[in-house]
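The data block below is entry_3.cif; it holds mmCIF, C-alpha atoms.
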```cif
data_target
#
loop_
_atom_site.label_atom_id
_atom_site.label_comp_id
_atom_site.auth_asym_id
_atom_site.auth_seq_id
_atom_site.Cartn_x
_atom_site.Cartn_y
_atom_site.Cartn_z
CA MET G 1 0.00 0.00 0.00
CA GLU G 2 1.07 3.57 -0.64
CA LYS G 3 -0.17 5.15 2.56
CA LYS G 4 3.08 4.56 4.39
CA ASP G 5 3.62 8.10 5.68
CA LEU G 6 4.37 8.68 9.32
CA ASN G 7 0.94 10.09 10.06
CA PHE G 8 -0.74 6.97 8.84
CA LEU G 9 1.61 4.73 10.83
CA LEU G 10 0.81 6.76 13.93
CA ARG G 11 -2.92 6.25 13.35
CA LEU G 12 -2.35 2.53 12.86
CA PHE G 13 -0.35 2.44 16.09
CA LEU G 14 -3.07 4.29 18.00
CA VAL G 15 -5.85 1.99 16.75
CA PHE G 16 -3.90 -1.06 17.91
CA LEU G 17 -3.06 0.67 21.17
CA LYS G 18 -6.79 0.96 21.76
CA ILE G 19 -7.28 -2.71 20.85
CA GLY G 20 -4.51 -3.76 23.24
CA ALA G 21 -5.75 -1.61 26.09
CA PHE G 22 -9.38 -2.70 25.98
CA THR G 23 -9.36 -6.45 25.41
CA PHE G 24 -9.06 -8.92 28.21
CA GLY G 25 -7.73 -12.42 27.71
CA GLY G 26 -6.19 -11.75 24.30
CA GLY G 27 -6.53 -14.06 21.32
CA PHE G 28 -10.15 -14.71 20.59
CA ALA G 29 -11.43 -11.92 22.83
CA MET G 30 -9.50 -9.49 20.65
CA PHE G 31 -10.92 -10.49 17.28
CA PRO G 32 -14.35 -8.83 17.48
CA ILE G 33 -12.67 -5.55 18.42
CA ILE G 34 -10.08 -5.76 15.63
CA GLN G 35 -12.92 -6.54 13.25
CA ARG G 36 -14.94 -3.52 14.36
CA GLU G 37 -11.98 -1.11 14.28
CA ILE G 38 -10.12 -2.30 11.18
CA VAL G 39 -12.70 -4.02 8.98
CA GLU G 40 -15.97 -2.23 9.70
CA LYS G 41 -15.03 1.28 10.83
CA ARG G 42 -11.92 1.93 8.75
CA ARG G 43 -12.21 -0.66 5.96
CA TRP G 44 -8.44 -1.17 5.91
CA ILE G 45 -8.90 -4.86 5.12
CA THR G 46 -11.85 -6.97 3.98
CA GLU G 47 -13.78 -9.43 6.11
CA GLU G 48 -12.42 -12.37 4.05
CA GLU G 49 -8.83 -11.21 4.55
CA PHE G 50 -9.43 -10.92 8.27
CA ILE G 51 -10.81 -14.47 8.54
CA ASP G 52 -7.84 -15.75 6.51
CA TYR G 53 -5.43 -13.99 8.88
CA ILE G 54 -7.08 -15.55 11.93
CA THR G 55 -6.88 -19.00 10.37
CA VAL G 56 -3.23 -18.68 9.40
CA ALA G 57 -2.18 -16.84 12.60
CA GLN G 58 -3.13 -19.92 14.60
CA THR G 59 -0.74 -22.05 12.59
CA LEU G 60 2.27 -19.81 13.20
CA PRO G 61 4.52 -19.46 16.25
CA GLY G 62 3.68 -16.84 18.85
CA MET G 63 0.57 -15.22 20.25
CA ILE G 64 -2.47 -15.39 17.99
CA ALA G 65 -3.54 -11.81 18.72
CA GLY G 66 -0.01 -10.56 18.04
CA ASN G 67 0.20 -12.55 14.81
CA VAL G 68 -3.12 -11.20 13.54
CA SER G 69 -2.02 -7.64 14.36
CA ILE G 70 1.23 -8.15 12.45
CA PHE G 71 -0.69 -9.53 9.45
CA VAL G 72 -3.11 -6.62 9.44
CA GLY G 73 -0.30 -4.04 9.84
CA ASN G 74 1.69 -5.71 7.09
CA LYS G 75 -1.26 -5.71 4.72
CA ILE G 76 -2.02 -2.01 5.13
CA ALA G 77 1.49 -0.57 5.40
CA GLY G 78 4.19 -3.21 4.87
CA PHE G 79 6.82 -4.05 7.47
CA ALA G 80 6.63 -0.60 9.10
CA GLY G 81 2.91 -1.23 9.46
CA SER G 82 3.43 -4.57 11.19
CA LEU G 83 5.87 -2.92 13.60
CA ALA G 84 3.37 -0.14 14.37
CA ALA G 85 0.52 -2.62 14.93
CA LEU G 86 2.57 -4.95 17.11
CA ALA G 87 3.97 -2.08 19.18
CA GLY G 88 0.45 -0.74 19.67
CA VAL G 89 -1.02 -4.02 20.79
CA VAL G 90 1.87 -4.82 23.15
CA LEU G 91 2.50 -1.43 24.78
CA PRO G 92 -0.59 -1.29 27.06
CA SER G 93 0.25 -4.77 28.40
CA LEU G 94 3.81 -3.78 29.09
CA ILE G 95 2.85 -0.65 31.02
CA ILE G 96 -0.08 -2.14 32.92
CA ILE G 97 1.78 -5.31 33.90
CA ILE G 98 4.82 -3.36 35.10
CA LEU G 99 2.52 -1.27 37.32
CA VAL G 100 0.59 -4.30 38.60
CA ALA G 101 3.76 -6.35 39.16
CA SER G 102 5.42 -3.61 41.19
CA LEU G 103 2.28 -3.37 43.36
CA LEU G 104 2.10 -7.14 43.76
CA ILE G 105 5.69 -7.39 44.87
CA GLN G 106 4.91 -4.83 47.55
CA TYR G 107 1.92 -6.77 48.82
CA LYS G 108 3.09 -10.30 48.24
CA ASP G 109 3.46 -11.09 51.93
CA ASN G 110 0.00 -9.77 52.76
CA VAL G 111 -2.12 -12.76 53.82
CA TRP G 112 -5.34 -11.34 52.34
CA VAL G 113 -3.71 -10.96 48.94
CA GLY G 114 -2.55 -14.55 49.39
CA TYR G 115 -6.08 -15.75 50.11
CA ALA G 116 -7.40 -13.95 47.03
CA PHE G 117 -4.75 -15.63 44.88
CA GLU G 118 -5.42 -19.02 46.40
CA GLY G 119 -9.06 -18.63 45.32
CA ALA G 120 -8.15 -17.17 41.91
CA THR G 121 -5.95 -20.17 41.12
CA ALA G 122 -9.04 -22.39 41.34
CA GLY G 123 -10.72 -20.03 38.84
CA VAL G 124 -7.70 -20.17 36.52
CA PHE G 125 -8.03 -23.95 36.58
CA ILE G 126 -11.58 -23.63 35.24
CA LEU G 127 -10.46 -21.25 32.47
CA ILE G 128 -7.69 -23.59 31.39
CA LEU G 129 -10.07 -26.58 31.48
CA MET G 130 -12.31 -24.64 29.10
CA ALA G 131 -9.30 -24.01 26.84
CA VAL G 132 -8.46 -27.73 26.87
CA ASP G 133 -12.08 -28.50 25.99
CA THR G 134 -12.02 -26.11 23.00
CA LEU G 135 -8.76 -27.64 21.77
CA ARG G 136 -10.16 -31.15 22.27
CA LYS G 137 -13.18 -30.39 20.10
CA LYS G 138 -11.02 -28.83 17.39
CA SER G 139 -8.12 -31.26 17.25
CA LEU G 140 -8.93 -34.62 18.85
CA LYS G 141 -11.22 -36.06 16.25
CA ASN G 142 -9.84 -39.58 15.93
CA VAL G 143 -7.82 -42.23 17.75
CA ALA G 144 -4.52 -40.97 16.36
CA GLY G 145 -5.24 -37.48 17.68
CA TRP G 146 -6.13 -38.76 21.14
CA ALA G 147 -3.03 -40.95 21.16
CA VAL G 148 -0.74 -38.03 20.29
CA ALA G 149 -2.36 -35.81 22.95
CA VAL G 150 -2.24 -38.44 25.72
CA VAL G 151 1.32 -39.51 24.93
CA SER G 152 2.48 -35.86 24.81
CA PHE G 153 0.77 -35.20 28.13
CA ILE G 154 2.32 -38.23 29.86
CA LEU G 155 5.80 -37.60 28.44
CA VAL G 156 5.90 -33.95 29.52
CA ALA G 157 3.95 -34.19 32.79
CA PHE G 158 5.48 -37.37 34.23
CA PHE G 159 8.73 -38.03 32.38
CA LYS G 160 9.84 -34.38 32.19
CA VAL G 161 10.43 -34.62 28.44
CA ASN G 162 11.10 -31.18 26.93
CA ALA G 163 7.90 -29.75 25.41
CA ILE G 164 9.90 -28.32 22.49
CA LEU G 165 11.06 -31.85 21.62
CA VAL G 166 7.42 -33.00 21.49
CA ILE G 167 6.52 -30.10 19.19
CA ILE G 168 9.46 -30.75 16.83
CA SER G 169 8.67 -34.50 16.74
CA CYS G 170 5.06 -33.85 15.74
CA VAL G 171 6.12 -31.50 12.94
CA LEU G 172 8.59 -34.16 11.70
CA VAL G 173 5.89 -36.86 11.80
CA GLY G 174 3.64 -34.54 9.75
CA VAL G 175 6.43 -33.96 7.20
CA ALA G 176 7.19 -37.71 7.00
CA VAL G 177 3.52 -38.62 6.55
CA HIS G 178 3.18 -35.99 3.82
CA LEU G 179 6.28 -37.21 1.95
CA PHE G 180 5.13 -40.83 2.27
CA ASN G 181 1.67 -40.00 0.92
CA ALA G 182 3.13 -37.91 -1.91
CA LYS G 183 5.33 -40.84 -2.91
CA LYS G 184 2.36 -43.21 -2.87
CA ILE G 185 0.34 -40.88 -5.08
CA ASN G 186 3.27 -40.58 -7.48
CA LYS G 187 3.53 -44.36 -7.75
CA THR G 188 -0.16 -44.86 -8.46
CA ASP G 189 0.08 -42.12 -11.09
CA LYS G 190 2.73 -44.12 -12.94
CA MET V 1 24.03 -11.08 30.76
CA GLN V 2 20.88 -11.76 32.78
CA TYR V 3 18.91 -9.62 30.33
CA LEU V 4 20.37 -11.46 27.37
CA ILE V 5 19.34 -14.81 28.90
CA LEU V 6 15.81 -13.48 29.48
CA PHE V 7 15.61 -12.19 25.91
CA LEU V 8 16.90 -15.43 24.36
CA THR V 9 14.74 -17.64 26.58
CA PHE V 10 11.63 -15.73 25.56
CA ILE V 11 12.61 -15.92 21.89
CA LYS V 12 12.69 -19.69 22.37
CA ILE V 13 9.30 -19.62 24.10
CA GLY V 14 7.79 -17.41 21.37
CA LEU V 15 9.18 -19.62 18.63
CA PHE V 16 7.73 -22.86 19.97
CA THR V 17 4.34 -21.55 21.10
CA ILE V 18 1.97 -22.60 18.36
CA GLY V 19 -1.69 -22.08 19.08
CA GLY V 20 -1.19 -19.04 21.28
CA GLY V 21 -1.94 -18.18 24.90
CA TYR V 22 -2.19 -21.30 26.97
CA ALA V 23 0.07 -23.28 24.63
CA MET V 24 2.83 -21.05 25.99
CA LEU V 25 2.32 -22.09 29.62
CA PRO V 26 4.03 -25.50 29.56
CA LEU V 27 7.07 -23.89 27.89
CA ILE V 28 7.24 -21.08 30.46
CA GLN V 29 6.83 -23.58 33.31
CA GLN V 30 9.68 -25.62 31.93
CA GLU V 31 12.02 -22.61 31.64
CA ILE V 32 11.12 -21.36 35.09
CA ILE V 33 11.96 -24.71 36.67
CA ASN V 34 15.11 -25.28 34.63
CA ASN V 35 16.45 -21.77 35.32
CA ASN V 36 15.25 -21.78 38.91
CA TRP V 37 13.54 -18.43 38.35
CA MET V 38 10.51 -18.72 40.65
CA THR V 39 8.07 -21.27 42.01
CA LEU V 40 5.20 -22.61 39.94
CA ALA V 41 2.77 -21.21 42.51
CA GLU V 42 4.17 -17.72 41.88
CA LEU V 43 3.77 -18.26 38.13
CA HIS V 44 0.16 -19.34 38.63
CA ASP V 45 -0.54 -16.17 40.59
CA PHE V 46 0.84 -14.24 37.59
CA VAL V 47 -1.38 -16.28 35.28
CA ALA V 48 -4.42 -15.23 37.31
CA VAL V 49 -3.45 -11.56 37.10
CA SER V 50 -2.63 -11.84 33.38
CA GLU V 51 -6.18 -13.04 32.75
CA MET V 52 -7.58 -10.06 34.61
CA THR V 53 -5.50 -7.34 32.95
CA PRO V 54 -6.02 -6.07 29.39
CA GLY V 55 -3.89 -7.19 26.47
CA PRO V 56 -2.84 -10.53 25.02
CA PHE V 57 -2.49 -13.15 27.75
CA ALA V 58 0.86 -14.42 26.45
CA ILE V 59 2.37 -10.92 26.48
CA ASN V 60 1.08 -10.30 29.99
CA VAL V 61 2.61 -13.48 31.40
CA SER V 62 5.93 -12.85 29.64
CA THR V 63 6.08 -9.26 30.88
CA PHE V 64 5.32 -10.47 34.41
CA VAL V 65 8.08 -13.07 34.44
CA GLY V 66 10.51 -10.57 32.89
CA TYR V 67 9.68 -7.89 35.47
CA ASN V 68 10.03 -10.35 38.31
CA MET V 69 13.48 -11.39 37.07
CA GLY V 70 14.93 -8.05 35.99
CA GLY V 71 12.67 -5.09 36.74
CA ILE V 72 11.41 -2.81 33.98
CA PHE V 73 14.24 -3.60 31.61
CA GLY V 74 13.71 -7.31 32.23
CA ALA V 75 10.04 -6.91 31.36
CA VAL V 76 10.97 -5.15 28.10
CA CYS V 77 13.50 -7.89 27.21
CA ALA V 78 11.01 -10.71 27.82
CA THR V 79 8.25 -8.97 25.86
CA LEU V 80 10.53 -8.15 22.91
CA GLY V 81 11.86 -11.70 22.96
CA VAL V 82 8.47 -13.37 22.92
CA ALA V 83 7.21 -11.12 20.10
CA MET V 84 10.34 -11.32 17.92
CA PRO V 85 9.76 -14.73 16.25
CA SER V 86 6.16 -13.70 15.44
CA LEU V 87 7.29 -10.49 13.81
CA ILE V 88 9.85 -12.20 11.58
CA ILE V 89 7.84 -15.29 10.69
CA VAL V 90 4.52 -13.52 10.11
CA SER V 91 6.21 -10.89 7.92
CA ILE V 92 7.68 -13.65 5.76
CA VAL V 93 4.43 -15.65 5.59
CA ALA V 94 2.49 -12.48 4.69
CA LYS V 95 4.55 -12.30 1.50
CA LEU V 96 3.72 -15.88 0.46
CA PHE V 97 0.28 -15.84 2.02
CA SER V 98 -1.78 -17.85 -0.49
CA LYS V 99 1.01 -20.38 -1.08
CA TYR V 100 1.39 -20.96 2.66
CA LYS V 101 -2.33 -21.31 3.26
CA GLU V 102 -2.75 -24.08 0.69
CA ASN V 103 0.53 -25.87 1.34
CA LYS V 104 -0.04 -29.60 1.96
CA LEU V 105 3.20 -29.99 3.92
CA VAL V 106 2.13 -27.26 6.34
CA GLN V 107 -1.32 -28.79 6.70
CA SER V 108 0.11 -32.24 7.36
CA SER V 109 2.48 -30.87 10.04
CA LEU V 110 -0.35 -29.01 11.73
CA TYR V 111 -2.55 -32.08 11.61
CA TRP V 112 -0.05 -33.86 13.86
CA LEU V 113 0.91 -30.82 15.90
CA ARG V 114 -2.60 -29.77 17.03
CA PRO V 115 -3.31 -32.81 19.22
CA ALA V 116 0.11 -32.37 20.85
CA THR V 117 -0.77 -28.75 21.63
CA CYS V 118 -3.89 -30.03 23.36
CA GLY V 119 -1.73 -32.49 25.35
CA LEU V 120 0.66 -29.70 26.34
CA VAL V 121 -2.14 -27.44 27.55
CA MET V 122 -3.34 -30.42 29.60
CA VAL V 123 0.12 -30.43 31.21
CA ALA V 124 -0.38 -26.79 32.20
CA ALA V 125 -3.87 -27.59 33.54
CA PHE V 126 -2.47 -30.50 35.53
CA SER V 127 0.21 -28.36 37.10
CA ILE V 128 -2.27 -25.59 37.97
CA ALA V 129 -4.59 -28.20 39.52
CA ARG V 130 -1.69 -29.48 41.61
CA SER V 131 -0.83 -26.08 42.96
CA ALA V 132 -4.50 -25.13 43.47
CA PHE V 133 -5.72 -28.29 45.18
CA THR V 134 -2.83 -29.57 47.25
CA LYS V 135 -0.95 -28.01 50.09
CA LEU V 136 2.26 -29.80 49.18
CA GLU V 137 3.83 -26.84 47.45
CA VAL V 138 4.47 -23.64 49.33
CA SER V 139 2.35 -21.02 47.60
CA GLY V 140 3.99 -17.87 46.33
CA PHE V 141 1.97 -15.62 48.55
CA VAL V 142 0.97 -17.65 51.58
CA ASN V 143 2.91 -20.25 53.42
CA ILE V 144 0.76 -23.30 53.56
CA LEU V 145 1.93 -25.21 56.55
CA LYS V 146 -0.27 -28.25 56.53
CA SER V 147 0.37 -30.57 53.64
CA GLY V 148 -2.42 -32.47 51.99
CA ILE V 149 -5.54 -31.72 50.02
CA ASN V 150 -6.71 -28.13 49.96
CA TRP V 151 -10.42 -28.70 50.57
CA GLY V 152 -11.13 -24.98 50.61
CA ALA V 153 -9.83 -24.66 47.04
CA ILE V 154 -11.92 -27.64 45.97
CA LEU V 155 -15.01 -25.98 47.46
CA ILE V 156 -14.23 -22.76 45.56
CA PHE V 157 -13.65 -24.73 42.38
CA ALA V 158 -17.02 -26.47 42.76
CA LEU V 159 -18.85 -23.18 43.40
CA VAL V 160 -17.18 -21.32 40.53
CA PHE V 161 -17.71 -24.31 38.24
CA LEU V 162 -21.45 -24.13 38.90
CA VAL V 163 -21.54 -20.35 38.45
CA ASN V 164 -19.65 -20.78 35.18
CA ARG V 165 -22.04 -23.43 33.87
CA ARG V 166 -25.09 -21.46 34.85
CA PHE V 167 -24.12 -17.89 33.97
CA LYS V 168 -21.05 -18.11 31.69
CA PRO V 169 -19.51 -14.95 33.19
CA HIS V 170 -16.66 -13.09 31.49
CA PRO V 171 -13.29 -14.63 32.52
CA VAL V 172 -12.35 -11.44 34.39
CA LEU V 173 -15.54 -11.64 36.45
CA LEU V 174 -15.07 -15.36 37.00
CA LEU V 175 -11.59 -14.78 38.44
CA ALA V 176 -12.83 -11.87 40.55
CA ILE V 177 -15.50 -14.17 42.02
CA SER V 178 -12.87 -16.85 42.71
CA ALA V 179 -10.61 -14.32 44.42
CA VAL V 180 -13.44 -13.04 46.63
CA LEU V 181 -14.36 -16.62 47.51
CA GLY V 182 -10.69 -17.20 48.36
CA ILE V 183 -10.76 -14.32 50.83
CA GLY V 184 -14.00 -15.69 52.30
CA VAL V 185 -13.00 -19.33 52.54
CA PHE V 186 -9.40 -18.92 53.65
CA GLY V 187 -9.62 -15.63 55.53
CA LEU V 188 -13.10 -15.10 56.96
CA LEU V 189 -14.40 -18.63 57.63
CA PRO V 190 -11.47 -19.55 59.93
CA LYS V 191 -12.36 -16.48 62.04
CA ILE V 192 -15.70 -18.06 62.85
CA GLY V 193 -14.14 -21.43 63.45
CA ILE V 194 -14.53 -23.12 60.08
CA THR V 195 -11.20 -24.25 58.64
CA PHE V 196 -10.27 -26.37 55.68
#
```
What is this structure when it is put down as structure tokens?
Amino acid sequence: MEKKDLNFLLRLFLVFLKIGAFTFGGGFAMFPIIQREIVEKRRWITEEEFIDYITVAQTLPGMIAGNVSIFVGNKIAGFAGSLAALAGVVLPSLIIIILVASLLIQYKDNVWVGYAFEGATAGVFILILMAVDTLRKKSLKNVAGWAVAVVSFILVAFFKVNAILVIISCVLVGVAVHLFNAKKINKTDK
Amino acid sequence: MQYLILFLTFIKIGLFTIGGGYAMLPLIQQEIINNNWMTLAELHDFVAVSEMTPGPFAINVSTFVGYNMGGIFGAVCATLGVAMPSLIIVSIVAKLFSKYKENKLVQSSLYWLRPATCGLVMVAAFSIARSAFTKLEVSGFVNILKSGINWGAILIFALVFLVNRRFKPHPVLLLAISAVLGIGVFGLLPKIGITF
């Protein structure tokens, strides 16, 4: 896009600053707001492009919300745009967390704060159970999927296998299966 | 040196988090234990706060850990580190967008990776359950002297679970309710003679 001037980048930054400052929980909570600000109000990208970005952002390393912001920024103003969008979405977190963390460190020996956290941890467990449930519905659709999930869980939780190793192994299995299938298709073609 | 380690560690975490947010937790847990940075209970307190503050969850947790390890500059290093792989990889993929989206090799890899992500988030859930429901670990903010099952936390879990099923509150509200229940169950009930 041609609208790469500094003014435009600043506007892009400010829009994402607003998105970062007013969404809780990140990821999926952020999408309706990005859609309203970027697709509906400003028409910087189309609805189809936005859905494509969400789909692909989930397949790439890093935070989904961050990835979508980088995609959107890149689409409307190239690399400078992705920098502006990412900086905008991250900056409120950085400032707010630094403030909250410095307060927490001050009060960390307060028993009442401790009680509140002891209760909140039970709530976090419910949130993460809900996340597991969403992932289960999306990705555990057959025996092979369940097997991979259960084996990964046991290896990392009980045998202290490095999670990164599990991730790399799965990618390699995917590559091997693809190459094997491609070869089979080639043979039947001949 | 400490800042460089933080930065590099979070680059590693950012690079291998696929599926966002919670998929990052097992990796952060692993690094925290290996580097002896803090206890898991402290991390889980941060997780609770990260859910209740605005912004992407993954950024919030990273900033928290960074701040705890190296103050404001530590927070900046961790946040930059965790965002760096995204910035580079997404910028490259954006250029080959349609090719990437249709690529069979990518789809096949993801097909095998997604169930593992689910398994890894289960690891994070398991570890949060352990620190929420047992008294074996010393919590980051309260010393829990008696070891054993934390019945108070199980009561809170049951109550919040029901509230969640019935009313589906926003996560921030859900955590606020849990925190208030925590103050009630662990702070106020013992004052009238009910302990867990």
Q. If you count only C-alpha atoms, which residues fall within 7 Å of region 75-85 of chain G, apart from same-chain ones fewer than 2 positions away, as a ChimeraX atom specification?
A. /G:1,3-4,9,12-13,16,44,69-73,87-89 /V:91
Q | Gap from CA of Phe158 (chain G) to CA of Ile128 (chain V) - Å, one decimal | A |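 Separation of CA of Phe158 (chain G) and CA of Ile128 (chain V): 14.6 Å.
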Q: Using the chain letters and numbering of this document, enumerate as a count of residues only the residues selected by the PyMOL selection byres ((chain V and resi 6) around 10).
A: 25
Q) Any idea what the distance is between CA of Ala147 (chain G) and CA of Lys101 (chain V)? A)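 Rounded to one decimal, the two atoms are 26.6 Å apart.
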Q) Quick one: residues within 8 Å of Leu105 (chain V), only C-alpha atoms counted, chain neighbours fewer than 6 positions away excluded, as a PyMOL selection string? A) chain G and resi 174-175+178
Q) Any chance you could work out the residue set of the PyMOL selection byres ((chain V and resi 48-51) around 10) here, as a ChimeraX atom specification? A) /G:24-26,93,97,100-101,104,117-125,127 /V:43-47,52-64,171-172,175-176,179
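Here CA of Ile154 (chain V) and CA of Ala116 (chain G) stand 14.5 Å from one another.
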Q: Please provide as an MDAnalysis selection string all residues within 12 Å of Phe97 (chain V), with the sequence filter that same-chain residues fewer than 6 positions apart are discarded (counting only C-alpha atoms).
A: (chainID G and resid 49 52:53 55:57 71 74:75) or (chainID V and resid 89:91 103)
Q. Expanded to explicit residues, what is the PyMOL selection byres ((chain V and resi 18) around 8) for this file, as number ranges by chain?
A. G: 58-63; V: 15-17, 19-20, 23-24, 117
Q.
Give me the residues near Ala176 (chain G) as a ChimeraX atom specification, where near means some atom within 12 Å (using all atoms listed in the file) and where sequence neighbours in that chain fewer than 2 positions away do not count.
A. /G:169-174,178-183 /V:104-106,108-109,112
Q: Could you check which of G:Leu99, G:Ile105, G:Ile64, G:Met130 is closest to chain V, using only C-alpha atoms?
A: G:Ile64
Q) Using all atoms listed in the file, which residue out of V:Ile13, V:Met84, V:Ala116, V:Ile32 lies closest to Leu140 (chain G)? A) V:Ala116
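Using all atoms listed in the file for every distance, the candidate list G:Lys160, G:Glu40, G:Lys184, G:Trp146 yields G:Lys160 as the residue closest to Gln30 (chain V).
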